[in-house]
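Asker: Take a look at this one; I'll ask things after.
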Number of protein chains: 4
Amino acid sequence: MTASIQAPKKKRVRLSPEVRKQKILEAALLEFSEHGFGAATVERIAGRAGLSKAGLYAHFTSKDEIFEALLTQVLRPRFEAEQWQLLPGETVREAIDRFIDLSYENLMQPRTIATLRLLIGESARAPDAIKRWRDEVILPYQRAQQAVADLCVASGWMRESALTRRFELVGAPMLYAALYAMLFCEGEAGEEVAALREAHRQLLHELLHNGDAGPAAQ
Amino acid sequence: MTASIQAPKKKRVRLSPEVRKQKILEAALLEFSEHGFGAATVERIAGRAGLSKAGLYAHFTSKDEIFEALLTQVLRPRFEAEQWQLLPGETVREAIDRFIDLSYENLMQPRTIATLRLLIGESARAPDAIKRWRDEVILPYQRAQQAVADLCVASGWMRESALTRRFELVGAPMLYAALYAMLFCEGEAGEEVAALREAHRQLLHELLHNGDAGPAAQ
Amino acid sequence: MTASIQAPKKKRVRLSPEVRKQKILEAALLEFSEHGFGAATVERIAGRAGLSKAGLYAHFTSKDEIFEALLTQVLRPRFEAEQWQLLPGETVREAIDRFIDLSYENLMQPRTIATLRLLIGESARAPDAIKRWRDEVILPYQRAQQAVADLCVASGWMRESALTRRFELVGAPMLYAALYAMLFCEGEAGEEVAALREAHRQLLHELLHNGDAGPAAQ
Amino acid sequence: MTASIQAPKKKRVRLSPEVRKQKILEAALLEFSEHGFGAATVERIAGRAGLSKAGLYAHFTSKDEIFEALLTQVLRPRFEAEQWQLLPGETVREAIDRFIDLSYENLMQPRTIATLRLLIGESARAPDAIKRWRDEVILPYQRAQQAVADLCVASGWMRESALTRRFELVGAPMLYAALYAMLFCEGEAGEEVAALREAHRQLLHELLHNGDAGPAAQ
DNA sequence: AATGAATGAGTTTTCATTCAT
DNA sequence: AATGAATGAAAACTCATTCAT
């Protein structure tokens, strides 16, 4: 009873480098996203990661290195699941629903919002990494989406429109919702995001649905 | 030792408090948006504003006060012109074009992008100001837009859709473009933004245009 | 009515240099004694003296100069009245009463206490001035007192004692009271000082009074 | 480049927090008493304590905290030895001598004089601490002294007088000497203090000695 | 791997002092 | 004589980073 009250002095915990590094990066993401790189302190990152400042320096040689490691980790492609596609035997309507659900699920995670906020807030600090990310992750992803969309249109599954011609716009309302979440942090944005999500779903249904036609109608 | 060789000693420039304060806020917006609040330095802000550090402190009593003053200035409503509306004798098509042109013109200004980037990066620092901004500026603006849209739909000028039912989405692609500009700073985003803008225009035309109908068709 | 409430902007008041200088020194004494030389600010001194910082510099060229001017003014001899002496036809008892009353009246003035506090607090800053003060003001004063005392003893008016042999001790309880006032500022010391004063008076009566004797008794 | 020429880089000296804190307080007393709180610099205190400014801030969070810690330490009661009292088998004369010797020994230590000077110079900065010190240290001490004196008088050991009625005055000449030491720092006051001390001793002997009487004479 | 104590290089802030009016 | 705006120098305080254990 005494120990729990009077002794927050954490016993020295020894973890494997991999585990600790991951903890540190996790902590850094929170800290950077909350305060910005400049106002973030190594001490707080270390605290959140459960070790001392000096301990942290056994794993990373500088605050900058943490930032870079964080970026590399966070900007790695992770889009497989949310990829827009038509699974065999699936209708466009179902594909839309799956896309909306998976994408919002992913994008609206606090961790993802934090990442986005960090990228935007510190865009001037790592323009190259961000550019590379765009070229190697975002653009390929969008091209793949566009290809699928073109196919769907060509095969009559989807109605042609300004949207299918520039299919990256398919996610615009979702990013608008993400912006909302970035600005009005802490749950307050929850309801609004949910509403936007449904409106988004509806909109896609209306925009992409090909009346009663479709290959099946041939 | 002569003036021609080593005299970068700027003559003391004396300005009225209003002018100087404005210069300082202008400088602060740049500095904050570029480095984030934490990594911004008062010295650089002062330099950009054309006076010394100590001189700056004659106008603002702390870095925080500068930040707050900046927010108050920058979050003041300035939406009149871009308000979605139907001017007398104007077709929906023309209203859409005007909306797109005015809004992109405004939103894509470097100053506005910088402001948005700052808001997002520092959203945790001034949640109250941001919340007030949403309640007193953003929400009223959206409500007014929705009202106009409802009217247009009721009178048959615009086709009903998921978009008209949640009309705030009308700007989503534009904010997506703004996000692009925030992330990939420095003109590189220019072409992409221009393309998105046209796609956005097209999309609105297709979505809102009421076939050949409309009141005129009555 | 409006002016009195909304406009504390003091109209530029122009005073003769002598008057203004005196006001400044008065203000400086308060400020220095309250905060110490180091923590005193020229701005506050100027404010207390009723002009602006820059205005003050028209009268004194530096903070140090103010300090020195203050010292010279404040360390000037002002002891005539309180000089220990026997006025013609006066008994020792009456002389004691007069000495006590005049001395306490003088020493316990807030201004005098402030001066003492300043001297002690800043004794390291102006050791020479203080030494000169001792040599030119204090010591002569004490010598004169001692001379009178010796005379009184020689003529049988006063009883010889350790006190008359080192007559500067005659004021010791008073300085003890002054110490009290310096430490426990703001009136709280008032009662204690009054009590000490009466005890002091009694003590001198008892110590110096020569029984029923005296020259008259010869 | 060799160590013998230009190597004032002090080796990092690592001390336990207790030792270091004590060193810092010691240094602070010197620095504060020499320059006053306002003109004292943390850097100089750190230097005197043998570490860097930043190192100092690992032990105290602000200049003010140093000041307060210093006060608390320095205003702790330390009077046992100097307490006025009659040891068994001791004459009043011997008690007086002991009192004088112990008290002057203590009060005239440079450290004590420095403390007093600091208290007076900064009395406005910490009125509460000083008041508490008076109530909890000084007044009890004086009451104890008075009680002993009353006893001595009642038992005939000491002659009744204005002094025994307000026994706190027993130390007045000593404080007068301390004042002297505070003002005319640096040993110059030495002789004067020694002379005052002997006069003080004489005075007490004369004042308190009960002729040849005393309980023993009964 | 981990830490507490220590530090150098800033950063914010203050302030005595100057300048133009 | 007086002032508001401006400045250089210094002081308090912070923080990324190192060292010895």
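Ligands are numbered from 1 in the order shown, chains are lettered A, B, ... in the order of the structure tokens, and residues start at 1 in each chain.
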Residues of chain C in alpha helix (DSSP H) according to DSSP, as a PyMOL selection string?

Answerer: chain C and resi 2-6+17-39+42-49+53-56+63-74+92-107+110-121+127-133+139-154+162-165+172-183+190-208

Asker: Do a neighbour search on stretch 42-51 of chain C at 8 Å with only C-alpha atoms (C1' of nucleotides), toss out local chain neighbours closer than 2 positions, and write the hits as a list of chain:residue names.

Answerer: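 Listing them by chain and then by number gives C:Arg12, C:Val13, C:Arg20, C:Lys23, C:Ile24, C:Glu26, C:Ala27, C:Ala28, C:Glu31, C:Ala40, C:Lys53, C:Gly55, C:Leu56, C:Lys63, E:DA16, F:DA2.
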
Asker: Report, to one decimal in Å, the C-alpha RMSD of chain B against chain C after an in-order least-squares superposition over all those atoms.

Answerer: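 Overlaying the two chains on their C-alpha atoms yields 1.4 Å.
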
Asker: State, in Å with one decimal place, the distance from atom CA of A:Val148 to atom CA of A:Ser161.

Answerer: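 Atom-to-atom, atom CA of A:Val148 to atom CA of A:Ser161, that is 14.5 Å.
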
Asker: What are the residues of chain D that have an atom within 8 Å of an atom of chain C, counting only C-alpha atoms, as a PyMOL selection string?

Answerer: chain D and resi 33-40+117-125+127+130-131+161-163+166+169+172-173+175-176+182-185+196+199-200+202-203+206

Asker: Report, in Å to a single decimal, how far apart atom CA of C:Trp84 and atom CA of C:Phe99 are.

Answerer: 6.1 Å

Asker: Just the residues within 10 Å of stretch 4-10 of chain F, please, counting only C-alpha atoms (C1' of nucleotides), with nothing from its chain fewer than 3 positions along; format it as a ChimeraX atom specification.

Answerer: /B:12-17,51-56,58-59 /C:52,54 /E:14-21

Asker: With C-alpha atoms (C1' of nucleotides) retained, export the selected residues as a PDB file, in the first residue's frame.

Answerer:
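After the write, selection-v6.pdb holds the following:
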ATOM      1  CA  ARG B  12      16.010  52.887 -36.439  1.00  0.00           C
ATOM      2  CA  VAL B  13      12.679  52.855 -38.228  1.00  0.00           C
ATOM      3  CA  ARG B  14       9.841  54.258 -36.242  1.00  0.00           C
ATOM      4  CA  LEU B  15       6.335  53.121 -37.054  1.00  0.00           C
ATOM      5  CA  SER B  16       2.967  53.638 -35.484  1.00  0.00           C
ATOM      6  CA  PRO B  17       1.917  50.818 -33.173  1.00  0.00           C
ATOM      7  CA  LEU B  51      12.698  45.430 -35.649  1.00  0.00           C
ATOM      8  CA  SER B  52      14.652  44.021 -32.777  1.00  0.00           C
ATOM      9  CA  LYS B  53      13.566  41.380 -30.342  1.00  0.00           C
ATOM     10  CA  ALA B  54      13.238  43.898 -27.565  1.00  0.00           C
ATOM     11  CA  GLY B  55      11.315  46.212 -29.839  1.00  0.00           C
ATOM     12  CA  LEU B  56       8.804  43.488 -30.473  1.00  0.00           C
ATOM     13  CA  ALA B  58       7.038  46.713 -26.646  1.00  0.00           C
ATOM     14  CA  HIS B  59       4.036  45.597 -28.686  1.00  0.00           C
TER      15      HIS B  59
ATOM     16  CA  SER C  52       8.380  58.723 -18.414  1.00  0.00           C
ATOM     17  CA  ALA C  54      13.031  58.745 -21.214  1.00  0.00           C
TER      18      ALA C  54
ATOM     19  C1'  DT E  14      13.801  42.169 -19.045  1.00  0.00           C
ATOM     20  C1'  DC E  15      15.916  46.494 -18.704  1.00  0.00           C
ATOM     21  C1'  DA E  16      19.061  50.437 -18.906  1.00  0.00           C
ATOM     22  C1'  DT E  17      19.677  53.402 -22.354  1.00  0.00           C
ATOM     23  C1'  DT E  18      19.120  56.066 -26.976  1.00  0.00           C
ATOM     24  C1'  DC E  19      16.816  58.433 -30.761  1.00  0.00           C
ATOM     25  C1'  DA E  20      13.589  61.267 -33.321  1.00  0.00           C
ATOM     26  C1'  DT E  21       9.974  64.170 -32.559  1.00  0.00           C
TER      27       DT E  21
END

Asker: Please report the interatomic distance between atom CA of C:Arg197 and atom CA of C:Arg98 in Å with one decimal.

Answerer: 12.4 Å

Asker: At most 12 Å is the cut-off: for each residue in chain E with any atom that close to an atom of chain A, write down the nearest atom pair and the distance in Å rounded to one decimal, counting only C-alpha atoms (C1' of nucleotides), chain first then increasing number, as JSON lines.

Answerer:
{"residue": "E:DA1", "atom": "C1'", "partner": "A:Arg14", "partner_atom": "CA", "distance": 6.2}
{"residue": "E:DA2", "atom": "C1'", "partner": "A:Gly55", "partner_atom": "CA", "distance": 5.3}
{"residue": "E:DT3", "atom": "C1'", "partner": "A:Ala54", "partner_atom": "CA", "distance": 6.7}
{"residue": "E:DG4", "atom": "C1'", "partner": "A:Ala54", "partner_atom": "CA", "distance": 9.0}
{"residue": "E:DA5", "atom": "C1'", "partner": "A:Ala54", "partner_atom": "CA", "distance": 10.9}
{"residue": "E:DT11", "atom": "C1'", "partner": "A:Ala39", "partner_atom": "CA", "distance": 11.8}

Asker: Dump C-alpha atoms (C1' of nucleotides) for the selected residues as a compact mmCIF listing (two decimals), in the first residue's frame?

Answerer:
# COMPACT_ATOMS: atom_id res chain seq x y z
C1' DA E 1 20.25 -1.25 -21.39
C1' DA E 2 19.52 2.28 -18.00
C1' DT E 3 20.14 6.32 -15.08
C1' DG E 4 21.03 10.75 -12.39
C1' DA E 5 23.86 14.54 -12.59
C1' DT E 11 15.32 30.91 -26.22

Asker: Name the closest residue to chain F among the candidates D:Thr72, D:Glu18, D:Arg78, D:Asp64; distances are taken between atoms, counting only C-alpha atoms (C1' of nucleotides).

Answerer: D:Asp64

Asker: Taking only C-alpha atoms (C1' of nucleotides) into account, find every residue of chain F that has an atom no more than 12 Å from chain D, and write it out as number ranges by chain.

Answerer: F: 10-15, 18-21

Asker: Put those residues in a file: N, CA and C atoms (P, O5', C5', C4', C3', O3' and C1' of nucleotides), as a compact mmCIF listing (two decimals), in the first residue's frame.

Answerer:
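The file below, again.txt, is the result:
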# COMPACT_ATOMS: atom_id res chain seq x y z
P DA F 10 26.81 42.66 -21.44
O5' DA F 10 25.74 41.93 -20.52
C5' DA F 10 25.06 42.75 -19.59
C4' DA F 10 23.83 42.05 -19.11
C3' DA F 10 24.09 40.65 -18.54
O3' DA F 10 23.36 40.55 -17.36
C1' DA F 10 22.35 40.58 -20.07
P DA F 11 23.97 39.81 -16.17
O5' DA F 11 22.69 39.03 -15.66
C5' DA F 11 21.51 39.80 -15.40
C4' DA F 11 20.32 38.92 -15.55
C3' DA F 11 20.55 37.50 -15.03
O3' DA F 11 19.56 37.13 -14.10
C1' DA F 11 19.62 37.47 -17.21
P DA F 12 19.63 35.75 -13.42
O5' DA F 12 18.28 35.12 -13.98
C5' DA F 12 17.05 35.76 -13.71
C4' DA F 12 15.94 35.00 -14.42
C3' DA F 12 15.77 33.57 -13.95
O3' DA F 12 14.39 33.24 -14.02
C1' DA F 12 16.38 33.57 -16.23
P DC F 13 13.85 31.96 -13.27
O5' DC F 13 13.82 30.89 -14.45
C5' DC F 13 13.05 31.21 -15.62
C4' DC F 13 13.41 30.29 -16.75
C3' DC F 13 13.45 28.79 -16.42
O3' DC F 13 12.39 28.19 -17.13
C1' DC F 13 15.21 29.43 -17.86
P DT F 14 12.20 26.61 -17.07
O5' DT F 14 12.78 26.15 -18.48
C5' DT F 14 12.45 26.93 -19.61
C4' DT F 14 12.94 26.21 -20.84
C3' DT F 14 12.80 24.69 -20.78
O3' DT F 14 12.29 24.30 -22.05
C1' DT F 14 15.04 25.27 -21.24
P DC F 15 11.74 22.85 -22.27
O5' DC F 15 12.88 22.16 -23.12
C5' DC F 15 13.53 22.96 -24.12
C4' DC F 15 14.68 22.19 -24.70
C3' DC F 15 14.60 20.67 -24.49
O3' DC F 15 15.14 20.06 -25.62
C1' DC F 15 16.59 21.46 -23.61
P DT F 18 25.79 13.77 -27.65
O5' DT F 18 26.50 13.79 -26.23
C5' DT F 18 27.37 14.87 -25.93
C4' DT F 18 27.87 14.71 -24.51
C3' DT F 18 28.64 13.41 -24.25
O3' DT F 18 29.77 13.77 -23.48
C1' DT F 18 26.95 13.65 -22.66
P DC F 19 31.08 12.90 -23.58
O5' DC F 19 31.30 12.50 -22.05
C5' DC F 19 31.16 13.51 -21.07
C4' DC F 19 30.91 12.88 -19.71
C3' DC F 19 31.63 11.55 -19.50
O3' DC F 19 32.30 11.65 -18.25
C1' DC F 19 29.35 11.37 -18.91
P DA F 20 33.56 10.72 -17.97
O5' DA F 20 33.10 10.07 -16.59
C5' DA F 20 32.38 10.87 -15.66
C4' DA F 20 31.69 9.97 -14.65
C3' DA F 20 32.43 8.68 -14.34
O3' DA F 20 32.29 8.41 -12.96
C1' DA F 20 30.30 8.17 -15.18
P DT F 21 32.94 7.13 -12.34
O5' DT F 21 31.67 6.27 -11.95
C5' DT F 21 30.51 6.93 -11.44
C4' DT F 21 29.36 5.95 -11.45
C3' DT F 21 29.74 4.52 -11.07
O3' DT F 21 28.93 4.09 -10.00
C1' DT F 21 28.39 4.54 -12.99
